[in-house]
Amino acid sequence: MKLNAIVLAMTTALAALALTGCGDDGDTGAAGPAGQDGSTGENGRDYTAVNQWFVEGQATVSQASQRSVSDPAGKAKNVILFVGDGMGISTLTAARIYQGQQQGHSGEENRLSFETFPYSGLVKTYSANQQTPDSAPTMTAIVTGVKTKDGIIGIDDQAIRGNCASGQNQSVLSALQLAELAGMSTGVVSTARLTHATPAATYAHAVERNWEADSNMPQAAIDAGCTDIAAQLIDFPYGDGIEVALGGGRTYFMANGTTDPENGSNGRRNDGRDLTSEWTSKYSDSAYVWNREQFLAVDTRNVKHLLGLFENSHMQYEADRQDDVAGEPSLAEMTSRALDMLKQNDKGYFLMVEAGRIDHAHHAGNAARALQDTVALSEAVRVAMEKADDDTLILVTADHSHVFTIAGYPVRGNPILGLVRGVDDNGSASTTYSTDSNGMPYTTLGYANGPGFGFGNDPINSDSYRPDLNLYNVTDVNFRQEATVPMDSETHAGEDVAVYARGPGAQLVTGSVEQNMLFHVMNYAADLVNRAEANQQ
Amino acid sequence: MPRNLFLVGALALWCGHASAADFCPTVADSQNFGLQYQLQGAQQGNLQLLRSHAQTAYYNPDNGVGEWWDFKQASHPNFYRVFSQQQRRIDYYTGDLRTLNIHVSQTEIESFAANNLRQQLTLVGDGACADSQRYQGDYQGVHYELLWSNSLQLPLSLSTRRNDRTQQWQATAVLSGEQVTQQLQQWQQFTDTDYADIGDNETDPFLAQMINQGFVEHSEHAVYNSQGQPLQGAHQH
């Protein structure tokens, strides 16, 4: 009764507000005629009909109220999982503003493509043994439903990192592996090395994430029967094999003694295997490409297994992609053509797409590149939204966050990469920058730790021990944001990340959830386990 | 491990006199050789410049740390830091260098950061060594004396004097092409890590040291500051 009374009172108050005309002319700030009863829409200005904040919020609730929340298990034929590596919530906020400002708007009102999804939630990222995790256990949690220890991929937390024997018989199946067993087509796309922790967790099992090529492994581990991650991609035993694998990491697939065609670096495989040729030998109607021109020339109707390795290590940051020597496809291009191939399977598909270099730019304390790679992920999701049919569950999430902050009280529309300029007494943009206690300006974006501490030998104000940012082009793509604690590599952060969902089963994504729950959402939505079992009979 | 790179201290403190021009190196292949430099004066130390065609490395034999540039693709140089004692190597790709705001000049790297400096000084005559020239002059409050090898495009001696503080880099020995090749091949075999991956490997003791103690510092990298400008005496254009 008490709660109902409060609700009733609030409803009454809102109704009164909604029906009261404005007494002032809000456009000019000048006093207007006395307000009228706005109930008819005449004379007075009913803000509930014209105020953009009110109207758009109302529309959002209206749309939400019409959603179905009862999708049955297995309604999703396909699953697309997007992962922004290190894409914490502050990264999302900054990237959305960045993209909006690049489009000529103030930015804050912008929405990344996946921020339009109807369902979202918060994800707890801790691993089985660390409060703040790395990508190996977090992606393992997302794609297998099992949390494990840091550094471990596709093996449960009974294993000890780097101990081959401890991981034997402890492997856990991933959504991609289940999809293959179910007869679906599968794809892995990343701007990082395909052997890097996040993409690797979809297809490999390793007690050490760094065992990307056999040369990275101790001989004892090889003798004990463990295999490197690159080999596991090629030797993949499930279903009819992965259909699409696109990313970086070429030298991990090349024999020692062979030279990278673009970079000139040496192959990393001590076993002498040329895994790229093994790919084309293993699969009929297959192709291997290593630059954008070759990639765009692939006949996606007839090529059934495509391996693309576009860099000897990680692919370029989006900011540098156009400058690549041999040419690289964008994440959106890779997503688009992957979907062209995968959609040909009537049994459906599973695709994982990772924006792998958001994480690396943050580690370097370079916000601009992190934001540009986040926008590139948004573009890839947009492509998927356009190409995927309604029977497709799309999830967008991150594996972990970074110590990336959005500080101060910048005026709306202030350049997100710029110095903080606040508002004056009238609420308009100040004529001067906001300053710290020593009178020094500061940027909106910064890091709690990392290489941006002190700026090395560059000009530092002796009072504040901070650089005088008036002397720097802080919006330059190469600018390195300040950091509070000196570290040569900025670190991950332990707070929750976001997850966005649309499509069948998306309603399951809500509230604050454990990261491993995301696998179960995909499994429920696409009925992966049951489809896999049925396909074996 | 000091935060600064060995070259920062080294190149920033050129001083002394180019009087020790007695050492006249003979190099069989000007594209494949090394020069040993000795630093004298207020600071002392040794530094090796290794050249193998488009590759140039600076190696401090005293602490086993080296910096290795590969300009085979001049617009996309590869950069490596080598740590001989740990037999580890950190690889920096073009994008990594850009995130660190490091922009380098191949000419400056290959010239011991002396090519631009030379153009600020006055030619005062031929040096004692064949095909060498002597330069001197003041630049940004520092008096320089340079003995320059035209054939090697390198200083044979470079000294600075600022107030009463003097320092001198003096070439003292030639390293053969075989020695250089062997050294680079040895570094090639070191366990390597991409710079981009350091942050994801906090459990690796070597890399953790980098993360937490910051002994790889790039903002003041070698002959360039974080704005990509040559350090000490080479600020011209």
# chains A, B, ... in the order shown; residues from 1 in each chain; ligands from 1
>>> residues_around(residues="stretch 168-184 of chain B", least_positions_apart="3", cutoff="6 Å", atoms="only C-alpha atoms", output="ChimeraX atom specification")
/B:14-16,32-40,50,156-159,187
>>> closest_atom_pairs(of="chain A", to="chain B", cutoff="9 Å", atoms="only C-alpha atoms", output="CSV")
residue,atom,partner,partner_atom,distance
A:Asp134,CA,B:Asp200,CA,6.3
A:Ser135,CA,B:Asp200,CA,7.8
A:Gly151,CA,B:Asn201,CA,8.4
A:Asn210,CA,B:Asn201,CA,8.8
A:Asn216,CA,B:Thr191,CA,8.2
A:Asn263,CA,B:Gln73,CA,8.1
A:Gly264,CA,B:Lys72,CA,8.7
A:Ser313,CA,B:Asp194,CA,8.1
A:His314,CA,B:Ala196,CA,8.6
A:Gln316,CA,B:Gly95,CA,6.4
A:Tyr317,CA,B:Gly95,CA,6.5
A:Ala319,CA,B:Gly95,CA,8.7
A:Asp320,CA,B:Gly95,CA,6.7
A:Asp324,CA,B:His76,CA,8.5
A:Val325,CA,B:His76,CA,7.9
A:Arg357,CA,B:Ala196,CA,8.7
A:Asp359,CA,B:Ala196,CA,8.7
A:His360,CA,B:Ala196,CA,5.3
A:Ala361,CA,B:Thr99,CA,6.9
A:His363,CA,B:Gly199,CA,5.9
A:Ala364,CA,B:Thr99,CA,6.2
A:Gly365,CA,B:Thr99,CA,7.7
A:Asn366,CA,B:Thr99,CA,5.7
A:Arg369,CA,B:Thr99,CA,7.7
A:Gly450,CA,B:Ile211,CA,8.2
A:Pro451,CA,B:Gly214,CA,7.8
A:Gly452,CA,B:Ser219,CA,8.7
A:Phe455,CA,B:Ser219,CA,6.4
A:Gly456,CA,B:Ser219,CA,5.4
A:Asn457,CA,B:Glu220,CA,5.8
A:Asp458,CA,B:Ser226,CA,7.4
A:Val477,CA,B:Thr99,CA,8.1
A:Asn478,CA,B:Asn101,CA,5.2
A:Phe479,CA,B:Asn101,CA,6.7
A:Arg480,CA,B:Leu100,CA,6.9
A:Pro486,CA,B:Gly214,CA,7.1
A:Met487,CA,B:Asn212,CA,5.2
A:Asp488,CA,B:Gly214,CA,4.5
A:Ser489,CA,B:Ile211,CA,5.1
A:Glu490,CA,B:Gly199,CA,6.6
A:Thr491,CA,B:Gly199,CA,6.2
A:His492,CA,B:Gly199,CA,8.0
>>> closest_residue(among="B:Pro155, B:Asp91, B:Asn60, B:Asn115", to="B:Arg134", atoms="only C-alpha atoms")
B:Pro155
>>> closest_residue(among="B:Ala28, B:Arg162, B:Gly66, B:Gln106", to="B:Ile90", atoms="only C-alpha atoms")
B:Gly66
>>> residues_around(residues="stretch 274-288 of chain A", least_positions_apart="2", cutoff="7 Å", atoms="only C-alpha atoms", output="list in words")
Ile234, Phe253, Met254, Ala255, Gly272, Trp290, Asn302, Val303, Lys304, His305, Leu306, Leu307 and Gly308 of chain A
>>> closest_atom_pairs(of="stretch 39-154 of chain A", to="stretch 187-205 of chain A", cutoff="9 Å", atoms="only C-alpha atoms", output="tab-separated table")
residue	atom	partner	partner_atom	distance
A:Val83	CA	A:Thr198	CA	8.4
A:Asp85	CA	A:Thr198	CA	7.8
A:Asp134	CA	A:Ala197	CA	8.7
A:Ser135	CA	A:Thr198	CA	5.9
A:Ala136	CA	A:Ala197	CA	5.0
A:Pro137	CA	A:Ala201	CA	8.5
A:Thr138	CA	A:Thr198	CA	8.2
A:Met139	CA	A:Thr198	CA	5.5
A:Thr140	CA	A:Ala201	CA	5.4
A:Val143	CA	A:Thr202	CA	6.4
A:Thr144	CA	A:Thr202	CA	8.2
A:Gly151	CA	A:Ala197	CA	8.2
A:Ile152	CA	A:His205	CA	8.0
A:Ile153	CA	A:His205	CA	5.3
A:Gly154	CA	A:His205	CA	4.5
>>> write_last_selection(atoms="all heavy atoms", output="mmCIF file, in the first residue's frame")
data_model
loop_
_atom_site.group_PDB
_atom_site.id
_atom_site.type_symbol
_atom_site.label_atom_id
_atom_site.label_comp_id
_atom_site.auth_asym_id
_atom_site.auth_seq_id
_atom_site.Cartn_x
_atom_site.Cartn_y
_atom_site.Cartn_z
ATOM 1 N N VAL A 83 33.546 -9.189 -29.939
ATOM 2 C CA VAL A 83 34.306 -8.899 -28.718
ATOM 3 C C VAL A 83 35.249 -7.732 -28.990
ATOM 4 O O VAL A 83 36.074 -7.795 -29.908
ATOM 5 C CB VAL A 83 35.116 -10.123 -28.255
ATOM 6 C CG1 VAL A 83 35.918 -9.784 -26.991
ATOM 7 C CG2 VAL A 83 34.206 -11.314 -28.000
ATOM 8 N N ASP A 85 38.290 -6.233 -27.523
ATOM 9 C CA ASP A 85 39.294 -6.594 -26.515
ATOM 10 C C ASP A 85 39.669 -5.351 -25.717
ATOM 11 O O ASP A 85 40.186 -4.383 -26.267
ATOM 12 C CB ASP A 85 40.538 -7.175 -27.191
ATOM 13 C CG ASP A 85 41.415 -7.940 -26.212
ATOM 14 O OD1 ASP A 85 41.611 -7.449 -25.087
ATOM 15 O OD2 ASP A 85 41.902 -9.024 -26.586
ATOM 16 N N ASP A 134 43.144 -11.413 -17.675
ATOM 17 C CA ASP A 134 43.602 -11.178 -19.039
ATOM 18 C C ASP A 134 42.598 -11.812 -20.004
ATOM 19 O O ASP A 134 41.561 -12.342 -19.577
ATOM 20 C CB ASP A 134 45.037 -11.681 -19.264
ATOM 21 C CG ASP A 134 45.139 -13.188 -19.339
ATOM 22 O OD1 ASP A 134 44.613 -13.793 -20.304
ATOM 23 O OD2 ASP A 134 45.753 -13.785 -18.439
ATOM 24 N N SER A 135 42.921 -11.783 -21.260
ATOM 25 C CA SER A 135 41.943 -12.201 -22.269
ATOM 26 C C SER A 135 41.727 -13.709 -22.314
ATOM 27 O O SER A 135 40.698 -14.162 -22.815
ATOM 28 C CB SER A 135 42.387 -11.714 -23.654
ATOM 29 O OG SER A 135 42.471 -10.325 -23.694
ATOM 30 N N ALA A 136 42.686 -14.469 -21.845
ATOM 31 C CA ALA A 136 42.574 -15.927 -21.975
ATOM 32 C C ALA A 136 41.407 -16.491 -21.162
ATOM 33 O O ALA A 136 40.528 -17.174 -21.713
ATOM 34 C CB ALA A 136 43.896 -16.587 -21.599
ATOM 35 N N PRO A 137 41.336 -16.238 -19.867
ATOM 36 C CA PRO A 137 40.216 -16.802 -19.105
ATOM 37 C C PRO A 137 38.896 -16.122 -19.408
ATOM 38 O O PRO A 137 37.840 -16.770 -19.324
ATOM 39 C CB PRO A 137 40.639 -16.563 -17.648
ATOM 40 C CG PRO A 137 41.481 -15.338 -17.710
ATOM 41 C CD PRO A 137 42.251 -15.456 -19.004
ATOM 42 N N THR A 138 38.925 -14.861 -19.763
ATOM 43 C CA THR A 138 37.666 -14.163 -20.012
ATOM 44 C C THR A 138 37.010 -14.662 -21.293
ATOM 45 O O THR A 138 35.810 -14.892 -21.335
ATOM 46 C CB THR A 138 37.893 -12.647 -20.078
ATOM 47 O OG1 THR A 138 38.961 -12.369 -21.003
ATOM 48 C CG2 THR A 138 38.270 -12.093 -18.715
ATOM 49 N N MET A 139 37.814 -14.840 -22.333
ATOM 50 C CA MET A 139 37.214 -15.344 -23.567
ATOM 51 C C MET A 139 36.846 -16.812 -23.404
ATOM 52 O O MET A 139 35.844 -17.268 -23.983
ATOM 53 C CB MET A 139 38.180 -15.150 -24.742
ATOM 54 C CG MET A 139 37.542 -15.440 -26.085
ATOM 55 S SD MET A 139 36.084 -14.387 -26.410
ATOM 56 C CE MET A 139 35.704 -14.898 -28.084
ATOM 57 N N THR A 140 37.636 -17.531 -22.644
ATOM 58 C CA THR A 140 37.258 -18.913 -22.349
ATOM 59 C C THR A 140 35.887 -18.950 -21.665
ATOM 60 O O THR A 140 35.028 -19.769 -22.008
ATOM 61 C CB THR A 140 38.318 -19.590 -21.451
ATOM 62 O OG1 THR A 140 39.552 -19.651 -22.166
ATOM 63 C CG2 THR A 140 37.885 -20.996 -21.048
ATOM 64 N N VAL A 143 33.040 -18.176 -24.291
ATOM 65 C CA VAL A 143 32.724 -19.152 -25.352
ATOM 66 C C VAL A 143 32.600 -20.597 -24.857
ATOM 67 O O VAL A 143 32.209 -21.467 -25.632
ATOM 68 C CB VAL A 143 33.764 -19.096 -26.504
ATOM 69 C CG1 VAL A 143 33.713 -17.746 -27.193
ATOM 70 C CG2 VAL A 143 35.159 -19.439 -26.023
ATOM 71 N N THR A 144 32.938 -20.860 -23.593
ATOM 72 C CA THR A 144 32.785 -22.238 -23.100
ATOM 73 C C THR A 144 31.831 -22.353 -21.921
ATOM 74 O O THR A 144 31.413 -23.448 -21.574
ATOM 75 C CB THR A 144 34.137 -22.838 -22.655
ATOM 76 O OG1 THR A 144 34.555 -22.221 -21.434
ATOM 77 C CG2 THR A 144 35.198 -22.663 -23.723
ATOM 78 N N GLY A 151 45.753 -16.772 -18.297
ATOM 79 C CA GLY A 151 46.745 -17.367 -19.177
ATOM 80 C C GLY A 151 46.325 -18.674 -19.795
ATOM 81 O O GLY A 151 47.016 -19.195 -20.670
ATOM 82 N N ILE A 152 45.194 -19.223 -19.365
ATOM 83 C CA ILE A 152 44.751 -20.543 -19.836
ATOM 84 C C ILE A 152 43.601 -20.378 -20.828
ATOM 85 O O ILE A 152 42.698 -19.578 -20.625
ATOM 86 C CB ILE A 152 44.337 -21.425 -18.640
ATOM 87 C CG1 ILE A 152 45.576 -21.730 -17.793
ATOM 88 C CG2 ILE A 152 43.646 -22.697 -19.102
ATOM 89 C CD1 ILE A 152 45.294 -22.549 -16.553
ATOM 90 N N ILE A 153 43.661 -21.174 -21.876
ATOM 91 C CA ILE A 153 42.684 -21.089 -22.960
ATOM 92 C C ILE A 153 41.966 -22.424 -23.131
ATOM 93 O O ILE A 153 42.600 -23.451 -23.380
ATOM 94 C CB ILE A 153 43.399 -20.717 -24.288
ATOM 95 C CG1 ILE A 153 43.916 -19.286 -24.229
ATOM 96 C CG2 ILE A 153 42.481 -20.912 -25.481
ATOM 97 C CD1 ILE A 153 44.835 -18.930 -25.377
ATOM 98 N N GLY A 154 40.656 -22.407 -23.011
ATOM 99 C CA GLY A 154 39.845 -23.573 -23.339
ATOM 100 C C GLY A 154 40.075 -24.783 -22.457
ATOM 101 O O GLY A 154 39.779 -25.917 -22.856
#
>>> residues_around(residues="B:Tyr135", least_positions_apart="3", cutoff="6 Å", atoms="only C-alpha atoms", output="VMD selection string")
chain B and resid 121 to 124 145 to 146
>>> atom_distance(atom1="atom CA of B:Gln43", atom2="atom CA of B:Pro61")
15.5 Å
>>> closest_residue(among="B:Asp138, B:Phe71, B:Arg89, B:Leu49", to="B:Ser111", atoms="only C-alpha atoms")
B:Leu49
>>> residues_around(residues="stretch 78-80 of chain A", least_positions_apart="3", cutoff="6 Å", atoms="only C-alpha atoms", output="MDAnalysis selection string")
chainID A and resid 348:352 392:394
>>> residues_around(residues="B:Asp126", least_positions_apart="5", cutoff="10 Å", atoms="only C-alpha atoms", output="list in words")
Asp131, Ser132, Gln133, Arg134, Tyr135, Leu147 and Trp148 of chain B
>>> decode(residues="stretch 159-172 of chain B", atoms="all heavy atoms", output="short mmCIF file (atom, residue, chain, number, x, y, z; two decimals), in the first residue's frame")
data_model
loop_
_atom_site.label_atom_id
_atom_site.label_comp_id
_atom_site.auth_asym_id
_atom_site.auth_seq_id
_atom_site.Cartn_x
_atom_site.Cartn_y
_atom_site.Cartn_z
N SER B 159 82.85 15.92 -30.00
CA SER B 159 83.00 16.40 -28.64
C SER B 159 82.09 17.59 -28.41
O SER B 159 81.72 18.31 -29.34
CB SER B 159 84.45 16.81 -28.38
OG SER B 159 84.81 17.90 -29.21
N THR B 160 81.68 17.75 -27.18
CA THR B 160 80.85 18.88 -26.79
C THR B 160 81.44 19.54 -25.56
O THR B 160 82.08 18.89 -24.73
CB THR B 160 79.41 18.45 -26.48
OG1 THR B 160 79.42 17.56 -25.37
CG2 THR B 160 78.77 17.79 -27.68
N ARG B 161 81.19 20.83 -25.47
CA ARG B 161 81.56 21.54 -24.26
C ARG B 161 80.43 22.49 -23.92
O ARG B 161 80.04 23.33 -24.72
CB ARG B 161 82.86 22.32 -24.46
CG ARG B 161 83.35 22.98 -23.17
CD ARG B 161 84.68 23.68 -23.36
NE ARG B 161 84.56 24.87 -24.21
CZ ARG B 161 85.17 25.01 -25.38
NH1 ARG B 161 85.94 24.05 -25.87
NH2 ARG B 161 85.02 26.11 -26.08
N ARG B 162 79.88 22.30 -22.77
CA ARG B 162 78.85 23.21 -22.26
C ARG B 162 79.34 23.69 -20.90
O ARG B 162 79.54 22.87 -20.00
CB ARG B 162 77.51 22.48 -22.12
CG ARG B 162 76.37 23.41 -21.65
CD ARG B 162 75.21 22.60 -21.12
NE ARG B 162 74.58 21.79 -22.14
CZ ARG B 162 73.55 22.19 -22.89
NH1 ARG B 162 73.06 23.39 -22.73
NH2 ARG B 162 73.02 21.39 -23.77
N ASN B 163 79.55 24.98 -20.80
CA ASN B 163 80.16 25.54 -19.60
C ASN B 163 81.49 24.82 -19.35
O ASN B 163 82.33 24.77 -20.21
CB ASN B 163 79.21 25.44 -18.41
CG ASN B 163 77.92 26.20 -18.69
OD1 ASN B 163 77.93 27.24 -19.34
ND2 ASN B 163 76.80 25.67 -18.23
N ASP B 164 81.63 24.23 -18.21
CA ASP B 164 82.90 23.54 -17.93
C ASP B 164 82.80 22.04 -18.14
O ASP B 164 83.74 21.30 -17.84
CB ASP B 164 83.34 23.81 -16.48
CG ASP B 164 83.66 25.27 -16.26
OD1 ASP B 164 84.09 25.92 -17.24
OD2 ASP B 164 83.46 25.75 -15.13
N ARG B 165 81.68 21.62 -18.65
CA ARG B 165 81.45 20.18 -18.77
C ARG B 165 81.82 19.73 -20.18
O ARG B 165 81.29 20.25 -21.17
CB ARG B 165 79.99 19.88 -18.47
CG ARG B 165 79.61 18.41 -18.44
CD ARG B 165 78.12 18.30 -18.14
NE ARG B 165 77.64 16.93 -18.21
CZ ARG B 165 77.60 16.10 -17.19
NH1 ARG B 165 78.02 16.51 -16.01
NH2 ARG B 165 77.14 14.87 -17.33
N THR B 166 82.69 18.80 -20.27
CA THR B 166 83.13 18.31 -21.58
C THR B 166 82.91 16.80 -21.67
O THR B 166 82.99 16.08 -20.68
CB THR B 166 84.61 18.60 -21.83
OG1 THR B 166 85.39 17.94 -20.82
CG2 THR B 166 84.89 20.09 -21.79
N GLN B 167 82.61 16.38 -22.89
CA GLN B 167 82.44 14.96 -23.17
C GLN B 167 82.95 14.70 -24.58
O GLN B 167 82.92 15.60 -25.44
CB GLN B 167 80.97 14.54 -23.09
CG GLN B 167 80.38 14.54 -21.69
CD GLN B 167 80.61 13.23 -20.97
OE1 GLN B 167 81.51 12.48 -21.32
NE2 GLN B 167 79.83 12.96 -19.94
N GLN B 168 83.36 13.48 -24.81
CA GLN B 168 83.83 13.14 -26.15
C GLN B 168 83.50 11.69 -26.49
O GLN B 168 83.76 10.77 -25.72
CB GLN B 168 85.35 13.32 -26.25
CG GLN B 168 85.88 12.96 -27.64
CD GLN B 168 87.36 13.16 -27.78
OE1 GLN B 168 88.07 13.38 -26.79
NE2 GLN B 168 87.86 13.06 -29.00
N TRP B 169 82.92 11.57 -27.67
CA TRP B 169 82.75 10.25 -28.27
C TRP B 169 83.90 10.05 -29.25
O TRP B 169 84.11 10.87 -30.14
CB TRP B 169 81.43 10.14 -29.02
CG TRP B 169 80.25 9.94 -28.13
CD1 TRP B 169 79.35 10.88 -27.75
CD2 TRP B 169 79.86 8.73 -27.52
NE1 TRP B 169 78.41 10.33 -26.92
CE2 TRP B 169 78.70 8.99 -26.76
CE3 TRP B 169 80.37 7.43 -27.51
CZ2 TRP B 169 78.05 8.03 -26.02
CZ3 TRP B 169 79.72 6.46 -26.78
CH2 TRP B 169 78.57 6.76 -26.04
N GLN B 170 84.61 8.98 -29.08
CA GLN B 170 85.76 8.73 -29.93
C GLN B 170 85.67 7.31 -30.51
O GLN B 170 85.52 6.34 -29.76
CB GLN B 170 87.05 8.84 -29.11
CG GLN B 170 88.33 8.46 -29.85
CD GLN B 170 88.60 9.43 -30.99
OE1 GLN B 170 88.61 10.65 -30.80
NE2 GLN B 170 88.83 8.89 -32.19
N ALA B 171 85.68 7.21 -31.84
CA ALA B 171 85.73 5.88 -32.45
C ALA B 171 87.08 5.24 -32.11
O ALA B 171 88.13 5.88 -32.27
CB ALA B 171 85.56 5.99 -33.95
N THR B 172 87.03 4.00 -31.65
CA THR B 172 88.26 3.37 -31.18
C THR B 172 88.57 2.05 -31.88
O THR B 172 89.69 1.56 -31.80
CB THR B 172 88.19 3.09 -29.67
OG1 THR B 172 87.04 2.28 -29.41
CG2 THR B 172 88.08 4.39 -28.88
#
